[in-house]
Structure formats: structure tokens, C-alpha cells
$ cat upload_17.cif   # mmCIF, C-alpha atoms
data_input
#
loop_
_atom_site.label_atom_id
_atom_site.label_comp_id
_atom_site.auth_asym_id
_atom_site.auth_seq_id
_atom_site.Cartn_x
_atom_site.Cartn_y
_atom_site.Cartn_z
CA MET A 20 21.55 0.01 -4.11
CA LYS A 21 19.91 2.84 -2.19
CA LEU A 22 18.34 1.59 1.04
CA TYR A 23 17.43 4.87 2.73
CA ALA A 24 16.61 8.37 1.61
CA ASP A 25 19.01 11.30 1.85
CA ARG A 26 16.48 13.75 3.25
CA MET A 27 16.02 13.46 6.99
CA PRO A 28 12.20 13.22 7.32
CA THR A 29 11.93 10.47 4.71
CA ALA A 30 14.98 8.61 6.00
CA VAL A 31 13.72 8.71 9.60
CA ARG A 32 10.31 7.49 8.53
CA GLN A 33 11.85 4.61 6.59
CA LEU A 34 14.16 3.64 9.45
CA VAL A 35 11.37 3.76 12.04
CA THR A 36 9.08 1.75 9.77
CA ASP A 37 11.76 -0.89 9.18
CA ILE A 38 12.40 -1.20 12.92
CA LEU A 39 8.68 -1.51 13.62
CA VAL A 40 8.34 -4.21 10.95
CA VAL A 41 11.25 -6.17 12.46
CA LEU A 42 9.71 -5.85 15.94
CA TRP A 43 6.32 -6.85 14.52
CA VAL A 44 7.75 -10.02 12.99
CA TYR A 45 9.75 -10.82 16.14
CA LEU A 46 6.65 -10.33 18.31
CA TRP A 47 4.56 -12.73 16.24
CA ILE A 48 7.36 -15.29 16.19
CA ARG A 49 7.38 -15.12 19.98
CA VAL A 50 3.59 -15.49 20.01
CA ALA A 51 3.82 -18.53 17.72
CA LEU A 52 6.44 -20.11 19.99
CA TRP A 53 4.27 -19.39 23.02
CA VAL A 54 1.26 -21.01 21.36
CA HIS A 55 3.42 -24.03 20.51
CA ASP A 56 4.57 -24.39 24.13
CA VAL A 57 1.05 -24.02 25.49
CA VAL A 58 -0.38 -26.61 23.10
CA GLU A 59 2.46 -29.03 23.81
CA LYS A 60 1.49 -28.99 27.49
CA LEU A 61 -1.83 -30.52 26.48
CA ALA A 62 0.09 -33.67 25.56
CA VAL A 63 1.10 -34.31 29.18
CA PRO A 64 -2.19 -36.02 30.16
CA GLY A 65 -1.91 -38.23 27.07
CA GLN A 66 1.65 -39.18 28.01
CA LYS A 67 0.57 -40.09 31.52
CA LEU A 68 -2.41 -42.01 30.15
CA GLU A 69 -0.22 -43.97 27.75
CA THR A 70 2.35 -44.73 30.43
CA ALA A 71 -0.23 -45.77 33.01
CA GLY A 72 -2.27 -47.82 30.55
CA GLY A 73 0.81 -49.57 29.24
CA GLY A 74 2.05 -50.32 32.74
CA ILE A 75 -1.29 -51.71 33.86
CA ALA A 76 -1.58 -53.81 30.69
CA ASP A 77 1.89 -55.29 31.27
CA ASN A 78 1.13 -56.07 34.92
CA LEU A 79 -2.21 -57.67 34.07
CA ALA A 80 -0.66 -59.72 31.28
CA ASP A 81 2.08 -60.88 33.65
CA ALA A 82 -0.47 -61.76 36.32
CA GLY A 83 -2.63 -63.57 33.76
CA GLY A 84 0.40 -65.60 32.69
CA LYS A 85 0.99 -66.69 36.23
CA VAL A 86 -2.68 -67.49 36.86
CA GLY A 87 -2.82 -69.43 33.61
CA ARG A 88 -0.37 -71.93 35.05
CA VAL A 89 -2.84 -72.97 37.77
CA PRO A 90 -3.89 -76.57 37.05
CA LEU A 91 -7.41 -77.27 35.75
CA VAL A 92 -8.87 -73.78 36.19
CA GLY A 93 -5.98 -71.73 34.85
CA ASP A 94 -7.56 -71.17 31.42
CA GLN A 95 -10.76 -69.88 32.99
CA LEU A 96 -9.01 -67.59 35.45
CA VAL A 97 -6.76 -65.98 32.82
CA LYS A 98 -9.61 -64.64 30.69
CA PRO A 99 -10.52 -61.71 33.03
CA PHE A 100 -6.86 -60.72 33.22
CA ASN A 101 -6.49 -60.77 29.45
CA GLY A 102 -9.66 -58.71 29.02
CA ALA A 103 -8.50 -56.15 31.56
CA ALA A 104 -5.06 -56.02 29.89
CA ASP A 105 -6.72 -55.35 26.51
CA ALA A 106 -8.77 -52.56 28.06
CA ALA A 107 -5.63 -51.04 29.56
CA ARG A 108 -3.90 -51.22 26.16
CA SER A 109 -6.89 -49.38 24.66
CA ILE A 110 -6.43 -46.66 27.25
CA ALA A 111 -2.71 -46.45 26.42
CA GLU A 112 -3.52 -46.23 22.69
CA ALA A 113 -6.02 -43.45 23.37
CA GLY A 114 -3.28 -41.56 25.23
CA HIS A 115 -0.92 -42.07 22.29
CA GLN A 116 -3.51 -40.80 19.80
CA GLN A 117 -4.14 -37.76 21.96
CA GLN A 118 -0.42 -36.96 21.87
CA GLU A 119 -0.36 -37.25 18.08
CA LEU A 120 -3.32 -34.85 17.84
CA VAL A 121 -1.61 -32.38 20.15
CA ASP A 122 1.60 -32.59 18.08
CA LYS A 123 -0.37 -31.70 14.95
CA LEU A 124 -2.11 -28.81 16.70
CA ALA A 125 1.24 -27.61 18.05
CA LEU A 126 2.39 -27.27 14.45
CA ILE A 127 -0.78 -25.93 12.84
CA LEU A 128 -1.85 -23.33 15.43
CA PRO A 129 1.50 -21.47 15.56
CA LEU A 130 1.60 -21.40 11.76
CA MET A 131 -1.91 -19.96 11.71
CA ALA A 132 -0.92 -17.38 14.32
CA ILE A 133 2.06 -16.14 12.30
CA ALA A 134 0.67 -16.57 8.78
CA VAL A 135 -1.42 -13.37 8.64
CA PRO A 136 1.23 -11.03 10.14
CA LEU A 137 3.89 -12.41 7.80
CA ALA A 138 1.53 -12.12 4.85
CA LEU A 139 1.02 -8.43 5.66
CA VAL A 140 4.78 -7.93 5.68
CA LEU A 141 5.50 -9.95 2.54
CA PHE A 142 2.63 -8.70 0.40
CA LEU A 143 2.14 -5.12 1.63
CA TRP A 144 5.26 -3.64 3.21
CA LEU A 145 7.99 -5.52 1.34
CA PRO A 146 6.76 -4.74 -2.24
CA LEU A 147 6.49 -1.02 -1.38
CA ARG A 148 9.93 -1.03 0.22
CA LEU A 149 11.54 -2.82 -2.73
CA ARG A 150 9.80 -0.51 -5.20
CA TRP A 151 11.21 2.55 -3.44
CA ILE A 152 14.70 0.99 -3.37
CA ARG A 153 14.52 0.24 -7.09
CA ARG A 154 13.27 3.71 -8.03
CA ALA A 155 15.65 5.53 -5.70
CA SER A 156 18.63 3.52 -6.93
CA THR A 157 17.74 4.30 -10.54
CA ALA A 158 17.21 7.99 -9.79
CA LEU A 159 20.52 8.13 -7.95
CA ALA A 160 22.30 6.58 -10.91
CA VAL A 161 20.95 9.13 -13.41
CA ARG A 162 20.51 12.33 -11.39
CA ASP A 163 23.96 13.75 -12.25
CA GLU A 164 23.59 13.19 -15.99
CA PRO A 165 21.80 15.66 -18.28
CA ALA A 166 19.80 12.89 -19.93
CA GLY A 167 19.00 11.44 -16.52
CA ARG A 168 17.73 14.77 -15.24
CA ASP A 169 15.52 14.97 -18.26
CA LEU A 170 14.06 11.55 -17.44
CA LEU A 171 13.45 12.62 -13.85
CA ALA A 172 11.74 15.75 -15.12
CA LEU A 173 9.54 13.70 -17.40
CA ARG A 174 8.66 11.42 -14.49
CA ALA A 175 7.66 14.42 -12.41
CA LEU A 176 5.48 15.80 -15.20
CA ALA A 177 3.73 12.46 -15.55
CA SER A 178 3.19 11.66 -11.87
CA ARG A 179 3.21 14.76 -9.67
CA PRO A 180 -0.06 16.50 -8.77
CA LEU A 181 -1.02 19.53 -10.83
CA GLY A 182 -0.79 21.74 -7.75
CA GLU A 183 2.90 20.94 -7.30
CA LEU A 184 3.63 21.43 -10.98
CA ALA A 185 1.77 24.75 -11.04
CA LYS A 186 4.00 26.07 -8.29
CA LEU A 187 6.92 25.78 -10.72
CA GLY A 188 5.15 28.10 -13.14
CA PRO A 189 2.17 27.90 -15.46
CA ASP A 190 4.42 27.27 -18.47
CA ILE A 191 6.59 24.60 -16.85
CA ALA A 192 5.58 21.92 -19.36
CA GLN A 193 6.29 24.23 -22.29
CA SER A 194 9.64 25.20 -20.79
CA TRP A 195 10.52 21.52 -20.40
CA ARG A 196 9.62 20.82 -24.03
CA ALA A 197 11.79 23.74 -25.07
CA GLY A 198 14.73 22.19 -23.20
CA ASP A 199 14.98 24.99 -20.64
CA ALA A 200 17.70 23.84 -18.20
CA ALA A 201 16.14 25.61 -15.21
CA ALA A 202 12.76 23.97 -15.86
CA VAL A 203 14.38 20.55 -16.28
CA ASP A 204 16.32 20.99 -13.04
CA ALA A 205 13.21 22.17 -11.16
CA LEU A 206 11.19 19.18 -12.33
CA ALA A 207 14.03 16.77 -11.62
CA GLU A 208 14.39 18.26 -8.15
CA LEU A 209 10.66 17.73 -7.60
CA GLU A 210 10.97 14.03 -8.42
CA LEU A 211 14.12 13.63 -6.31
CA LYS A 212 12.38 15.35 -3.40
CA ARG A 213 9.47 12.91 -3.71
CA LEU A 214 11.94 10.04 -3.35
CA GLY A 215 13.73 11.74 -0.47
CA LEU A 216 16.97 12.19 -2.46
CA ARG A 217 19.24 15.21 -2.68
CA LYS A 218 19.39 17.14 -5.92
CA ALA A 219 22.11 16.74 -8.50
CA SER A 220 25.47 18.42 -7.96
CA ARG A 221 25.41 22.14 -8.53
CA LYS A 222 28.19 21.96 -11.09
CA LEU A 223 26.25 19.66 -13.40
CA SER A 224 23.01 21.52 -12.85
CA LYS A 225 24.54 24.59 -14.46
CA LYS A 226 25.40 22.76 -17.68
#
$ encode --input "upload_17.cif" --output "C-alpha cells"
Amino acid sequence: MKLYADRMPTAVRQLVTDILVVLWVYLWIRVALWVHDVVEKLAVPGQKLETAGGGIADNLADAGGKVGRVPLVGDQLVKPFNGAADAARSIAEAGHQQQELVDKLALILPLMAIAVPLALVLFLWLPLRLRWIRRASTALAVRDEPAGRDLLALRALASRPLGELAKLGPDIAQSWRAGDAAAVDALAELELKRLGLRKASRKLSKK
């Protein structure tokens, strides 16, 4: 598997791009973690509200229990305490619900923050990178074989701009069809250069 080109400009560009992509992903992971931490801090008031409400409800319920033991009027006196305890429990439940909402936001918002950057990497950069690796690996496997050079030449004829082909000579296509070794090597070299690969060994090129 060929990961980087042989020719320096292409190889440097690929290496720099790969490093930038890694830094890009790392940066957005850090952003997502930061968003998570910031959102989680919003749960602190809810925690305090739940703790305070629960504590007040317990104290009121305990006080109501004691007041309820007062002879004759105990049942009447306990009602306000029970009502206040229920209200305090409602406050504690509201604090608990707020924490649950914050927990959901702490999961959703970081995912939203990182989704688009990762999508750009997965659906734009990665397919192009894998396509180059596949093509370069194939070209590397066939470049030292006569039949492989012929395939590379055919690829160059089919894909390279007319201006580049014309620089090889106005009859380059005819020379290739005639099996001219120099024309085949020139076209193969053009395709290898496009991929950033070195040309075939000189010994085989003379065959």
C-alpha cells in the first residue's frame, strides 16, 4: 500500500494535509469536550435546587409528624406542614428534571458541534485520500512491467489534458497505437508524475 508520493512536492502536500486534518479533528474534539463541560455546569443550580428542596421537604415532613401528635388539634396543624413539604418536593423534582435536561443537552450539543467537521473529513478528504492510495498502489505494482506501462500510458491518454499530451508530440496517440516504446514510456511517465510517483526503472524502460 502506497501512503505517500515519491516526488517531494506531492509528498509534502500530502503530509501537510494529513497533519492539518488530524489537527482539525483534534481541535473539534476539544471544542466538543469544552461544550460538554460548559453545559454540565448548568446542572449545578438544578442539583442545589433538588438538594435544598429535598432537605426542606424532609424537615417539614418530620415537623408535621411531630405536630400531628399534639392531642385534639394535631390533625389540623399538620396540614400546612404537609402542604409545604409537597411544595418543597415539587421544587426538588423541578431541580431533578432540570438536571436531566442539561444531561441531554450535554450529549446533543457536543455531537452537533463535531458532526459537521467530521462529516467534512469522512465524506470529502477521506474518499480522495483513499482513492489516491488505491491508484498509486496499483500504479506502483504495474509500473515496472511492460503491460503495466502500457496501461499507465492508456490512462494518461484518456485522462490528461490535451495540452500535456501535445507536449509529447502531435503524433503521440499514433505512436502509442503503433507500440512505440518511447511513446509508451513518455505517457506512462506522465501518469506516474500526476500521481507523484517515480518512473519505472531505467533497465525495464529500455526493453
$ closest_residue --input "upload_17.cif" --among "A:Leu68, A:Leu46, A:Leu147, A:Leu22" --to "Gly114 in chain A" --atoms "all atoms listed in the file"
A:Leu68
$ atom_distance --input "upload_17.cif" --atom1 "CA of Ala201 in chain A" --atom2 "CA of Ala155 in chain A"
22.2 Å
$ resolve_selection --input "upload_17.cif" --expression "the PyMOL selection byres ((chain A and resi 218) around 10)" --output "list in words"
Asp25, Leu159, Arg162, Asp163, Arg168, Asp204, Ala205, Ala207, Glu208, Leu209, Glu210, Leu211, Lys212, Gly215, Leu216, Arg217, Ala219, Ser220, Arg221 and Ser224 of chain A
$ write_last_selection --input "upload_17.cif" --atoms "C-alpha atoms" --output "PDB file, in the coordinates of the input"
ATOM      1  CA  ASP A  25      19.010  11.300   1.850  1.00  0.00           C
ATOM      2  CA  LEU A 159      20.520   8.130  -7.950  1.00  0.00           C
ATOM      3  CA  ARG A 162      20.510  12.330 -11.390  1.00  0.00           C
ATOM      4  CA  ASP A 163      23.960  13.750 -12.250  1.00  0.00           C
ATOM      5  CA  ARG A 168      17.730  14.770 -15.240  1.00  0.00           C
ATOM      6  CA  ASP A 204      16.320  20.990 -13.040  1.00  0.00           C
ATOM      7  CA  ALA A 205      13.210  22.170 -11.160  1.00  0.00           C
ATOM      8  CA  ALA A 207      14.030  16.770 -11.620  1.00  0.00           C
ATOM      9  CA  GLU A 208      14.390  18.260  -8.150  1.00  0.00           C
ATOM     10  CA  LEU A 209      10.660  17.730  -7.600  1.00  0.00           C
ATOM     11  CA  GLU A 210      10.970  14.030  -8.420  1.00  0.00           C
ATOM     12  CA  LEU A 211      14.120  13.630  -6.310  1.00  0.00           C
ATOM     13  CA  LYS A 212      12.380  15.350  -3.400  1.00  0.00           C
ATOM     14  CA  GLY A 215      13.730  11.740  -0.470  1.00  0.00           C
ATOM     15  CA  LEU A 216      16.970  12.190  -2.460  1.00  0.00           C
ATOM     16  CA  ARG A 217      19.240  15.210  -2.680  1.00  0.00           C
ATOM     17  CA  ALA A 219      22.110  16.740  -8.500  1.00  0.00           C
ATOM     18  CA  SER A 220      25.470  18.420  -7.960  1.00  0.00           C
ATOM     19  CA  ARG A 221      25.410  22.140  -8.530  1.00  0.00           C
ATOM     20  CA  SER A 224      23.010  21.520 -12.850  1.00  0.00           C
TER      21      SER A 224
END
$ residues_around --input "upload_17.cif" --residues "Arg179 in chain A" --least-positions-apart "3" --cutoff "9 Å" --atoms "only C-alpha atoms" --output "list in words"
Arg174, Ala175, Leu176, Gly182, Glu183, Leu184, Leu209, Glu210 and Arg213 of chain A
$ closest_residue --input "upload_17.cif" --among "A:Ile75, A:Leu143, A:Leu128, A:Val121" --to "Phe100 in chain A" --atoms "all atoms listed in the file"
A:Ile75
$ closest_residue --input "upload_17.cif" --among "A:Gln116, A:Thr36, A:Asn101, A:Thr157" --to "Ala82 in chain A" --atoms "only C-alpha atoms"
A:Asn101
$ closest_residue --input "upload_17.cif" --among "A:Ala185, A:Trp195, A:Ala30, A:Met20" --to "Leu214 in chain A" --atoms "only C-alpha atoms"
A:Ala30
